[in-house]
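Participant: One structure, pasted below without further comment.
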There are 2 protein chains.
Amino acid sequence: MLRVRDGRLEALTGRVRMRRGEALEDALARAVDVSALAHHEQLETRLERDGTLATVYLGLVPSDRELPGAWVEARASRDELVAAAEARLRGKLSYTNAGFALAPAEFTISELREIYVAALGHDVSATNLQRVLVRRGVLERVPGVRAPGRAGGRPAALFRFASSRLEVTDQFAVLAPRR
Amino acid sequence: MLRVRDGRLEALTGRVRMRRGEALEDALARAVDVSALAHHEQLETRLERDGTLATVYLGLVPSDRELPGAWVEARASRDELVAAAEARLRGKLSYTNAGFALAPAEFTISELREIYVAALGHDVSATNLQRVLVRRGVLERVPGVRAPGRAGGRPAALFRFASSRLEVTDQFAVLAPRR
DNA sequence: GGGGTTTTAGACTCCAAGACGAAAACCGTG
DNA sequence: CACGGTTTTCGTCTTGGAGTCTAAAACCCC
């Protein structure tokens with residue numbers, strides 16, 4: 001599982017042994033509270049040394065949802081499965097609305113920016129982030145504002161993701177169809 | 001397996017039963033001549049009705065390589081696995097150099113365009129295709145030209161893919177890092 | 001040599017997206 | 001309540017990737 005906490009991308013890994021006649025999703029459900037995941041998908045299946053098949057899942061947890069466990073900073077992890085999940089996440093953040101799976105239900109652009117910065121591993125402009133996501137229609141305003149913190153500042157507008165299911169953007173038009 | 005023949009995207013499907021203690025790749029090798037595939041990758045693993053695990057691979061065959069079998073037009077297929085492979089291919093053609101796995105070793109831009117048109121399912125400008133792929137560095141010129149056909153026309157320059165291993169382009173910079 | 005065909009190259013345009021700076025809206029303090 | 005410090009927001013400017021268009025180049029056949 002991956003989540004963003006305090007500006008850091010964190011990972012939580014675990015294993016389950018499948019039972020005879022059990023579906024993959026059932027085994028997954030025994031390992032983790034699937035309802036706590038905003039999104040999960042299969043990454044790959046590989047053959048372990050002992051001859052068993054291991055199927056790897058990637059799960060994404062919203063930053064405001066509790067999910068106890070031994071979370072470790074993803075960048076510090078030496079686990080290559082974590083690295084693969086990280087890479088997959090980076091790609092998905094670019095050409096899908098995958099951000100919904102990491103963000104809380106409502107958020108300010110600054111908060112969303114922090115999540116993207118942590119997940120992508122590089123700085124991101126809040127202005128551009130908002131414009132890009134709003135233009136694509138994956139982000140929409142919700143009424144009300146978030147009161148500023150102790151230091152003051154202008155109250156921030158609240159946003160949410162228009163959809164909470166993974167959707168691939170068609171805005172990404174390299175080699176676009178001819179009109 | 002997918003290939004492009006005569007401007008059509010064709011699919012060839014098959015099944016193997018795994019043997020005890022056998023690696024996934026070994027089972028794949030028994031099903032198909034892997035050396036004939038320019039690229040193959042795992043798509044997903046699912047649980048079949050009879051309780052067995054089915055792992056789906058996507059294989060790409062260069063258009064000039066022979067690989068006998070009951071090839072069918074992909075668009076006409078009702079197989080949802082073929083549809084999934086098709087969708088995956090469309091994505092990969094946009095943000096990777098996956099074209100190398102469908103094209104012959106050397107080709108003209110027109111020939112490459114036909115392959116992309118068949119695989120993507122929509123028209124593509126030869127001018128843009130060349131400019132985009134050359135700028136990304138995935139395409140490079142090779143000396144010599146292809147003599148024109150019966151109808152005449154200017155001799156076409158020859159190109160090849162710079163790499164014959166799948167590489168993701170970093171040119172695709174939505175939410176790019178700040179400079 | 002002329003008409004038809006295919007490929008190539010250049011110029012033009014459009015627009016998504018990054019960069020920048022100023023204004024807006026709030027805080028705390030004296 | 002004026003002032004400086006902070007955070008967010010909005011508008012403008014600029015850049016560069018990519019689609020469109022047209023003309024030139026290079027070939028065939030008759």
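Residue numbering restarts at 1 in every chain; chains get A, B, ... in the order shown in the structure tokens, and ligands count up from 1 in that same order.
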Could you produce a table of the residues of chain A lying within 10 Å of chain B, with the nearest pair of atoms per residue and their separation in Å rounded to one decimal, using only C-alpha atoms, ordered by chain and increasing residue number, as CSV?
Facilitator:
```
residue,atom,partner,partner_atom,distance
A:Arg20,CA,B:Gly51,CA,8.5
A:Gly21,CA,B:Gly51,CA,5.7
A:Glu22,CA,B:Gly51,CA,7.7
A:Ala23,CA,B:Leu47,CA,6.2
A:Leu24,CA,B:Leu47,CA,6.7
A:Glu25,CA,B:Leu47,CA,9.3
A:Glu41,CA,B:Glu44,CA,9.8
A:Gln42,CA,B:Glu44,CA,6.9
A:Leu43,CA,B:Glu44,CA,7.5
A:Glu44,CA,B:Glu44,CA,6.5
A:Thr45,CA,B:Thr45,CA,6.8
A:Arg46,CA,B:Leu24,CA,7.5
A:Leu47,CA,B:Ala23,CA,6.3
A:Glu48,CA,B:Ala23,CA,9.1
A:Arg49,CA,B:Ala23,CA,9.8
A:Asp50,CA,B:Gly21,CA,8.9
A:Gly51,CA,B:Gly21,CA,5.8
A:Thr52,CA,B:Gly21,CA,8.5
A:Leu53,CA,B:Leu24,CA,9.0
A:Thr55,CA,B:Thr45,CA,7.7
A:Val56,CA,B:Thr45,CA,10.0
A:Gly91,CA,B:Val174,CA,9.8
A:Leu93,CA,B:Leu175,CA,8.7
A:Ser94,CA,B:Val174,CA,5.7
A:Tyr95,CA,B:Val174,CA,7.6
A:Tyr116,CA,B:Leu175,CA,9.1
A:Val117,CA,B:Pro177,CA,9.4
A:Leu120,CA,B:Pro177,CA,8.7
A:Gly121,CA,B:Pro177,CA,8.8
A:His122,CA,B:Pro177,CA,5.7
A:Asp123,CA,B:Arg178,CA,5.8
A:Val124,CA,B:Arg178,CA,6.1
A:Ser125,CA,B:Arg178,CA,7.3
A:Asn128,CA,B:Leu175,CA,7.8
A:Leu129,CA,B:Leu175,CA,6.8
A:Val132,CA,B:Leu175,CA,8.1
A:Leu133,CA,B:Leu175,CA,9.7
A:Phe172,CA,B:Val174,CA,8.6
A:Ala173,CA,B:Ser94,CA,8.0
A:Val174,CA,B:Ser94,CA,5.7
A:Leu175,CA,B:Ser94,CA,6.5
A:Ala176,CA,B:Val124,CA,7.3
A:Pro177,CA,B:His122,CA,5.6
A:Arg178,CA,B:Asp123,CA,5.7
A:Arg179,CA,B:Asp123,CA,8.8
```
Participant: When DSSP is applied to the backbone of this structure, which of range 18-157 of chain B are assigned strand (DSSP E or B)? Write them out as JSON, numbers by chain.
Facilitator: {"B": [39, 40, 41, 42, 43, 44, 45, 46, 47, 53, 54, 55, 56, 57, 58, 59, 60, 72, 73, 96, 107, 139, 140, 141, 142, 143, 144, 145, 146, 149, 152, 156, 157]}
Participant: Would you mind exporting N, CA and C atoms of the selected residues as an mmCIF file, in the first residue's frame?
Facilitator:
```
data_model
loop_
_atom_site.group_PDB
_atom_site.id
_atom_site.type_symbol
_atom_site.label_atom_id
_atom_site.label_comp_id
_atom_site.auth_asym_id
_atom_site.auth_seq_id
_atom_site.Cartn_x
_atom_site.Cartn_y
_atom_site.Cartn_z
ATOM 1 N N HIS B 39 8.693 -8.370 -28.426
ATOM 2 C CA HIS B 39 8.435 -7.899 -27.063
ATOM 3 C C HIS B 39 7.258 -8.678 -26.499
ATOM 4 N N HIS B 40 7.334 -9.006 -25.232
ATOM 5 C CA HIS B 40 6.158 -9.581 -24.573
ATOM 6 C C HIS B 40 6.161 -9.166 -23.118
ATOM 7 N N GLU B 41 4.978 -9.067 -22.578
ATOM 8 C CA GLU B 41 4.866 -8.638 -21.194
ATOM 9 C C GLU B 41 3.606 -9.231 -20.588
ATOM 10 N N GLN B 42 3.626 -9.307 -19.279
ATOM 11 C CA GLN B 42 2.493 -9.846 -18.560
ATOM 12 C C GLN B 42 1.385 -8.816 -18.490
ATOM 13 N N LEU B 43 0.172 -9.239 -18.702
ATOM 14 C CA LEU B 43 -0.940 -8.305 -18.556
ATOM 15 C C LEU B 43 -1.600 -8.450 -17.194
ATOM 16 N N GLU B 44 -2.159 -9.600 -16.919
ATOM 17 C CA GLU B 44 -2.813 -9.765 -15.626
ATOM 18 C C GLU B 44 -3.014 -11.235 -15.332
ATOM 19 N N THR B 45 -3.315 -11.497 -14.096
ATOM 20 C CA THR B 45 -3.604 -12.859 -13.666
ATOM 21 C C THR B 45 -5.030 -12.900 -13.139
ATOM 22 N N ARG B 46 -5.751 -13.885 -13.558
ATOM 23 C CA ARG B 46 -7.128 -13.986 -13.075
ATOM 24 C C ARG B 46 -7.437 -15.412 -12.684
ATOM 25 N N LEU B 47 -8.495 -15.515 -11.908
ATOM 26 C CA LEU B 47 -8.901 -16.824 -11.441
ATOM 27 C C LEU B 47 -9.971 -17.381 -12.368
ATOM 28 N N LEU B 53 -5.372 -20.728 -12.010
ATOM 29 C CA LEU B 53 -4.935 -19.362 -12.245
ATOM 30 C C LEU B 53 -4.534 -19.216 -13.709
ATOM 31 N N ALA B 54 -4.999 -18.161 -14.325
ATOM 32 C CA ALA B 54 -4.641 -17.899 -15.713
ATOM 33 C C ALA B 54 -3.850 -16.604 -15.783
ATOM 34 N N THR B 55 -2.656 -16.684 -16.310
ATOM 35 C CA THR B 55 -1.849 -15.481 -16.478
ATOM 36 C C THR B 55 -1.809 -15.108 -17.947
ATOM 37 N N VAL B 56 -2.153 -13.865 -18.228
ATOM 38 C CA VAL B 56 -2.291 -13.416 -19.606
ATOM 39 C C VAL B 56 -1.056 -12.645 -20.031
ATOM 40 N N TYR B 57 -0.519 -13.008 -21.184
ATOM 41 C CA TYR B 57 0.620 -12.291 -21.736
ATOM 42 C C TYR B 57 0.201 -11.548 -23.001
ATOM 43 N N LEU B 58 0.911 -10.463 -23.248
ATOM 44 C CA LEU B 58 0.760 -9.760 -24.519
ATOM 45 C C LEU B 58 2.067 -9.902 -25.289
ATOM 46 N N GLY B 59 1.998 -10.444 -26.492
ATOM 47 C CA GLY B 59 3.183 -10.584 -27.331
ATOM 48 C C GLY B 59 3.035 -9.771 -28.604
ATOM 49 N N LEU B 60 4.135 -9.175 -29.040
ATOM 50 C CA LEU B 60 4.101 -8.375 -30.263
ATOM 51 C C LEU B 60 5.037 -8.985 -31.296
ATOM 52 N N VAL B 72 -6.575 -13.772 -36.534
ATOM 53 C CA VAL B 72 -7.869 -13.165 -36.848
ATOM 54 C C VAL B 72 -7.745 -11.655 -36.699
ATOM 55 N N GLU B 73 -8.606 -10.945 -37.403
ATOM 56 C CA GLU B 73 -8.576 -9.489 -37.291
ATOM 57 C C GLU B 73 -8.972 -9.108 -35.862
ATOM 58 N N THR B 96 5.761 5.128 -25.356
ATOM 59 C CA THR B 96 6.967 4.307 -25.363
ATOM 60 C C THR B 96 7.423 4.144 -26.815
ATOM 61 N N PHE B 107 12.484 0.423 -42.319
ATOM 62 C CA PHE B 107 11.171 0.744 -42.879
ATOM 63 C C PHE B 107 11.164 2.193 -43.324
ATOM 64 N N LEU B 139 13.582 7.184 -33.179
ATOM 65 C CA LEU B 139 13.749 6.825 -34.585
ATOM 66 C C LEU B 139 15.043 7.428 -35.101
ATOM 67 N N GLU B 140 15.770 6.681 -35.946
ATOM 68 C CA GLU B 140 16.958 7.276 -36.558
ATOM 69 C C GLU B 140 17.083 6.802 -37.997
ATOM 70 N N ARG B 141 17.700 7.652 -38.807
ATOM 71 C CA ARG B 141 17.856 7.350 -40.225
ATOM 72 C C ARG B 141 18.889 6.257 -40.413
ATOM 73 N N VAL B 142 18.702 5.470 -41.471
ATOM 74 C CA VAL B 142 19.771 4.568 -41.886
ATOM 75 C C VAL B 142 20.064 4.917 -43.342
ATOM 76 N N PRO B 143 21.317 4.706 -43.786
ATOM 77 C CA PRO B 143 21.696 5.093 -45.150
ATOM 78 C C PRO B 143 20.860 4.345 -46.186
ATOM 79 N N GLY B 144 20.730 4.963 -47.342
ATOM 80 C CA GLY B 144 20.031 4.302 -48.435
ATOM 81 C C GLY B 144 18.566 4.689 -48.501
ATOM 82 N N VAL B 145 17.952 4.300 -49.577
ATOM 83 C CA VAL B 145 16.544 4.604 -49.792
ATOM 84 C C VAL B 145 15.830 3.363 -50.315
ATOM 85 N N ARG B 146 14.542 3.384 -50.188
ATOM 86 C CA ARG B 146 13.725 2.303 -50.744
ATOM 87 C C ARG B 146 13.249 2.722 -52.129
ATOM 88 N N GLY B 149 7.683 2.001 -55.891
ATOM 89 C CA GLY B 149 6.947 0.877 -56.452
ATOM 90 C C GLY B 149 6.594 1.098 -57.914
ATOM 91 N N GLY B 152 5.617 4.581 -59.242
ATOM 92 C CA GLY B 152 6.571 5.669 -59.166
ATOM 93 C C GLY B 152 6.525 6.400 -57.856
ATOM 94 N N ALA B 156 11.845 6.577 -50.867
ATOM 95 C CA ALA B 156 11.612 6.865 -49.453
ATOM 96 C C ALA B 156 12.863 6.604 -48.623
ATOM 97 N N ALA B 157 13.150 7.506 -47.704
ATOM 98 C CA ALA B 157 14.271 7.309 -46.782
ATOM 99 C C ALA B 157 13.974 6.153 -45.841
#
```
Participant: So which one's closest to chain B, C:DG2, C:DA23, C:DT29, C:DA9? Using only C-alpha atoms (C1' of nucleotides), please.
Facilitator: C:DA9
Participant: Could you tell me which residues of chain A sit within 6 Å of chain C when counting only C-alpha atoms (C1' of nucleotides), and give me the result as a list in words?
Facilitator: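 The selection requested is Ala151, Gly152, Gly153 and Arg154 of chain A.
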Participant: In Å, with one decimal, what is the gap from CA of Gly14 in chain B to CA of Ala85 in chain A?
Facilitator: 29.6 Å
Participant: Write out as a list in words each polymer residue whose atoms come within 10 Å of Gly69 in chain A, counting only C-alpha atoms (C1' of nucleotides); drop sequence neighbours fewer than 4 positions from it.
Facilitator: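 Once the adjacent positions are removed, what remains is Ala11, Leu12, Thr13 and Gly14 of chain A.
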Participant: Save the residues we just selected, C-alpha atoms, as an mmCIF file, in the first residue's frame?
Facilitator:
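And here's again_36.cif as it stands now:
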```cif
data_model
loop_
_atom_site.group_PDB
_atom_site.id
_atom_site.type_symbol
_atom_site.label_atom_id
_atom_site.label_comp_id
_atom_site.auth_asym_id
_atom_site.auth_seq_id
_atom_site.Cartn_x
_atom_site.Cartn_y
_atom_site.Cartn_z
ATOM 1 C CA ALA A 11 4.665 2.200 1.916
ATOM 2 C CA LEU A 12 3.182 -0.734 3.770
ATOM 3 C CA THR A 13 3.795 -4.257 2.549
ATOM 4 C CA GLY A 14 2.342 -7.571 3.561
#
```
Participant: Once you count only C-alpha atoms (C1' of nucleotides), what closest atom pair and distance in Å to one decimal does each residue of chain D within 12 Å of chain A have, with rows by chain and rising residue number, as JSON lines?
Facilitator:
```
{"residue": "D:DG5", "atom": "C1'", "partner": "A:Ala151", "partner_atom": "CA", "distance": 8.4}
{"residue": "D:DT6", "atom": "C1'", "partner": "A:Gly153", "partner_atom": "CA", "distance": 4.9}
{"residue": "D:DT7", "atom": "C1'", "partner": "A:Gly153", "partner_atom": "CA", "distance": 4.0}
{"residue": "D:DT8", "atom": "C1'", "partner": "A:Arg154", "partner_atom": "CA", "distance": 5.2}
{"residue": "D:DT9", "atom": "C1'", "partner": "A:Arg154", "partner_atom": "CA", "distance": 8.6}
{"residue": "D:DC10", "atom": "C1'", "partner": "A:Thr127", "partner_atom": "CA", "distance": 9.5}
{"residue": "D:DG11", "atom": "C1'", "partner": "A:Thr127", "partner_atom": "CA", "distance": 11.4}
{"residue": "D:DG17", "atom": "C1'", "partner": "A:Val174", "partner_atom": "CA", "distance": 9.3}
{"residue": "D:DA18", "atom": "C1'", "partner": "A:Val174", "partner_atom": "CA", "distance": 7.8}
{"residue": "D:DG19", "atom": "C1'", "partner": "A:Arg178", "partner_atom": "CA", "distance": 7.9}
{"residue": "D:DT20", "atom": "C1'", "partner": "A:Arg178", "partner_atom": "CA", "distance": 9.8}
```
Participant: Could the residues in this selection be saved with N, CA and C atoms (P, O5', C5', C4', C3', O3' and C1' of nucleotides) as a tab-separated table (two decimals), in the first residue's frame?
Facilitator:
```
chain	number	residue	atom	x	y	z
D	5	DG	P	8.02	42.29	7.08
D	5	DG	O5'	7.17	40.96	7.24
D	5	DG	C5'	6.96	40.41	8.55
D	5	DG	C4'	6.08	39.18	8.46
D	5	DG	C3'	6.44	38.23	7.31
D	5	DG	O3'	6.34	36.89	7.77
D	5	DG	C1'	4.19	38.89	7.12
D	6	DT	P	6.80	35.69	6.82
D	6	DT	O5'	5.50	34.76	6.74
D	6	DT	C5'	4.25	35.31	7.02
D	6	DT	C4'	3.14	34.30	6.75
D	6	DT	C3'	3.42	33.31	5.62
D	6	DT	O3'	2.74	32.11	5.87
D	6	DT	C1'	1.65	34.79	4.98
D	7	DT	P	3.09	30.78	4.99
D	7	DT	O5'	1.76	30.58	4.14
D	7	DT	C5'	0.51	30.52	4.81
D	7	DT	C4'	-0.61	30.75	3.82
D	7	DT	C3'	-0.53	29.90	2.55
D	7	DT	O3'	-1.69	29.09	2.46
D	7	DT	C1'	-0.98	32.18	2.04
D	8	DT	P	-1.85	28.03	1.27
D	8	DT	O5'	-2.83	28.82	0.28
D	8	DT	C5'	-4.05	29.34	0.79
D	8	DT	C4'	-4.66	30.29	-0.20
D	8	DT	C3'	-4.94	29.70	-1.59
D	8	DT	O3'	-6.32	29.83	-1.86
D	8	DT	C1'	-3.89	31.81	-1.76
D	9	DT	P	-6.93	29.12	-3.18
D	9	DT	O5'	-6.98	30.34	-4.21
D	9	DT	C5'	-7.64	31.54	-3.83
D	9	DT	C4'	-7.42	32.60	-4.89
D	9	DT	C3'	-7.66	32.14	-6.33
D	9	DT	O3'	-8.64	32.96	-6.91
D	9	DT	C1'	-5.63	33.36	-6.14
D	10	DC	P	-9.36	32.47	-8.26
D	10	DC	O5'	-8.96	33.62	-9.29
D	10	DC	C5'	-8.78	34.96	-8.81
D	10	DC	C4'	-7.89	35.73	-9.77
D	10	DC	C3'	-8.05	35.30	-11.23
D	10	DC	O3'	-8.47	36.41	-12.00
D	10	DC	C1'	-5.75	35.44	-10.61
D	11	DG	P	-8.90	36.17	-13.54
D	11	DG	O5'	-7.71	36.89	-14.32
D	11	DG	C5'	-7.27	38.17	-13.88
D	11	DG	C4'	-5.94	38.49	-14.53
D	11	DG	C3'	-5.87	38.16	-16.02
D	11	DG	O3'	-5.57	39.34	-16.76
D	11	DG	C1'	-4.00	37.22	-14.85
D	17	DG	P	9.76	20.69	-27.52
D	17	DG	O5'	8.65	19.55	-27.55
D	17	DG	C5'	7.78	19.42	-26.44
D	17	DG	C4'	6.36	19.17	-26.94
D	17	DG	C3'	6.26	18.18	-28.09
D	17	DG	O3'	5.18	17.31	-27.85
D	17	DG	C1'	5.26	20.22	-28.72
D	18	DA	P	5.05	15.97	-28.75
D	18	DA	O5'	3.91	16.34	-29.78
D	18	DA	C5'	2.67	16.83	-29.28
D	18	DA	C4'	1.86	17.43	-30.40
D	18	DA	C3'	1.84	16.62	-31.70
D	18	DA	O3'	0.52	16.56	-32.15
D	18	DA	C1'	2.34	18.84	-32.16
D	19	DG	P	0.10	15.42	-33.21
D	19	DG	O5'	-0.88	16.23	-34.16
D	19	DG	C5'	-2.06	16.81	-33.59
D	19	DG	C4'	-2.62	17.84	-34.55
D	19	DG	C3'	-2.84	17.33	-35.97
D	19	DG	O3'	-4.08	17.84	-36.47
D	19	DG	C1'	-1.39	19.20	-36.02
D	20	DT	P	-4.51	17.48	-37.99
D	20	DT	O5'	-4.00	18.75	-38.81
D	20	DT	C5'	-4.36	20.06	-38.36
D	20	DT	C4'	-4.13	21.07	-39.48
D	20	DT	C3'	-4.41	20.54	-40.88
D	20	DT	O3'	-5.17	21.50	-41.60
D	20	DT	C1'	-2.20	21.40	-40.76
```
Participant: Give me the residues within 9 Å of Ile115 in chain B as a list in words, counting only C-alpha atoms (C1' of nucleotides) and dropping any in the same chain fewer than 2 places off.
Facilitator: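 Returned residues: Arg3, Val4, Arg5, Asp6, Gly7, Arg8, Leu9, Ser63, Gly99, Leu102, Ala103, Ser110, Glu111, Leu112, Arg113, Val117, Ala118, Ala119 and Leu120 of chain B.
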Participant: Restricted to N, CA and C atoms, what would the selected residues look like written as a short mmCIF file (atom, residue, chain, number, x, y, z; two decimals), in the first residue's frame?
Facilitator:
```cif
data_model
loop_
_atom_site.label_atom_id
_atom_site.label_comp_id
_atom_site.auth_asym_id
_atom_site.auth_seq_id
_atom_site.Cartn_x
_atom_site.Cartn_y
_atom_site.Cartn_z
N ARG B 3 -0.06 -8.52 -34.29
CA ARG B 3 0.83 -8.09 -35.36
C ARG B 3 0.01 -7.25 -36.33
N VAL B 4 0.71 -6.56 -37.22
CA VAL B 4 0.03 -5.78 -38.25
C VAL B 4 0.36 -6.40 -39.60
N ARG B 5 -0.64 -6.72 -40.35
CA ARG B 5 -0.47 -7.28 -41.69
C ARG B 5 -1.41 -6.58 -42.66
N ASP B 6 -0.85 -6.05 -43.72
CA ASP B 6 -1.67 -5.43 -44.75
C ASP B 6 -2.62 -4.39 -44.16
N GLY B 7 -2.08 -3.59 -43.23
CA GLY B 7 -2.88 -2.52 -42.68
C GLY B 7 -3.95 -2.96 -41.70
N ARG B 8 -3.88 -4.22 -41.27
CA ARG B 8 -4.87 -4.68 -40.29
C ARG B 8 -4.16 -5.20 -39.05
N LEU B 9 -4.74 -4.93 -37.91
CA LEU B 9 -4.22 -5.46 -36.66
C LEU B 9 -4.80 -6.85 -36.45
N SER B 63 6.02 -7.15 -38.27
CA SER B 63 5.15 -7.44 -39.40
C SER B 63 5.83 -8.28 -40.46
N GLY B 99 6.66 0.74 -30.94
CA GLY B 99 6.55 0.50 -32.37
C GLY B 99 7.59 -0.47 -32.90
N LEU B 102 6.52 -3.99 -33.56
CA LEU B 102 5.57 -4.29 -34.64
C LEU B 102 6.20 -4.10 -36.01
N ALA B 103 7.22 -3.23 -36.07
CA ALA B 103 7.80 -2.87 -37.36
C ALA B 103 8.95 -3.81 -37.71
N SER B 110 6.28 5.94 -44.42
CA SER B 110 4.95 5.53 -44.87
C SER B 110 4.57 4.16 -44.34
N GLU B 111 5.53 3.26 -44.37
CA GLU B 111 5.25 1.91 -43.86
C GLU B 111 4.96 1.97 -42.36
N LEU B 112 5.75 2.76 -41.65
CA LEU B 112 5.54 2.87 -40.21
C LEU B 112 4.19 3.50 -39.92
N ARG B 113 3.84 4.47 -40.76
CA ARG B 113 2.55 5.12 -40.57
C ARG B 113 1.42 4.10 -40.70
N VAL B 117 -1.36 3.38 -37.94
CA VAL B 117 -2.78 3.55 -38.25
C VAL B 117 -3.55 2.28 -37.89
N ALA B 118 -3.00 1.14 -38.26
CA ALA B 118 -3.69 -0.12 -37.98
C ALA B 118 -3.77 -0.37 -36.47
N ALA B 119 -2.68 -0.09 -35.77
CA ALA B 119 -2.64 -0.41 -34.34
C ALA B 119 -3.48 0.58 -33.53
N LEU B 120 -3.45 1.84 -33.91
CA LEU B 120 -4.17 2.85 -33.14
C LEU B 120 -5.64 2.92 -33.53
#
```
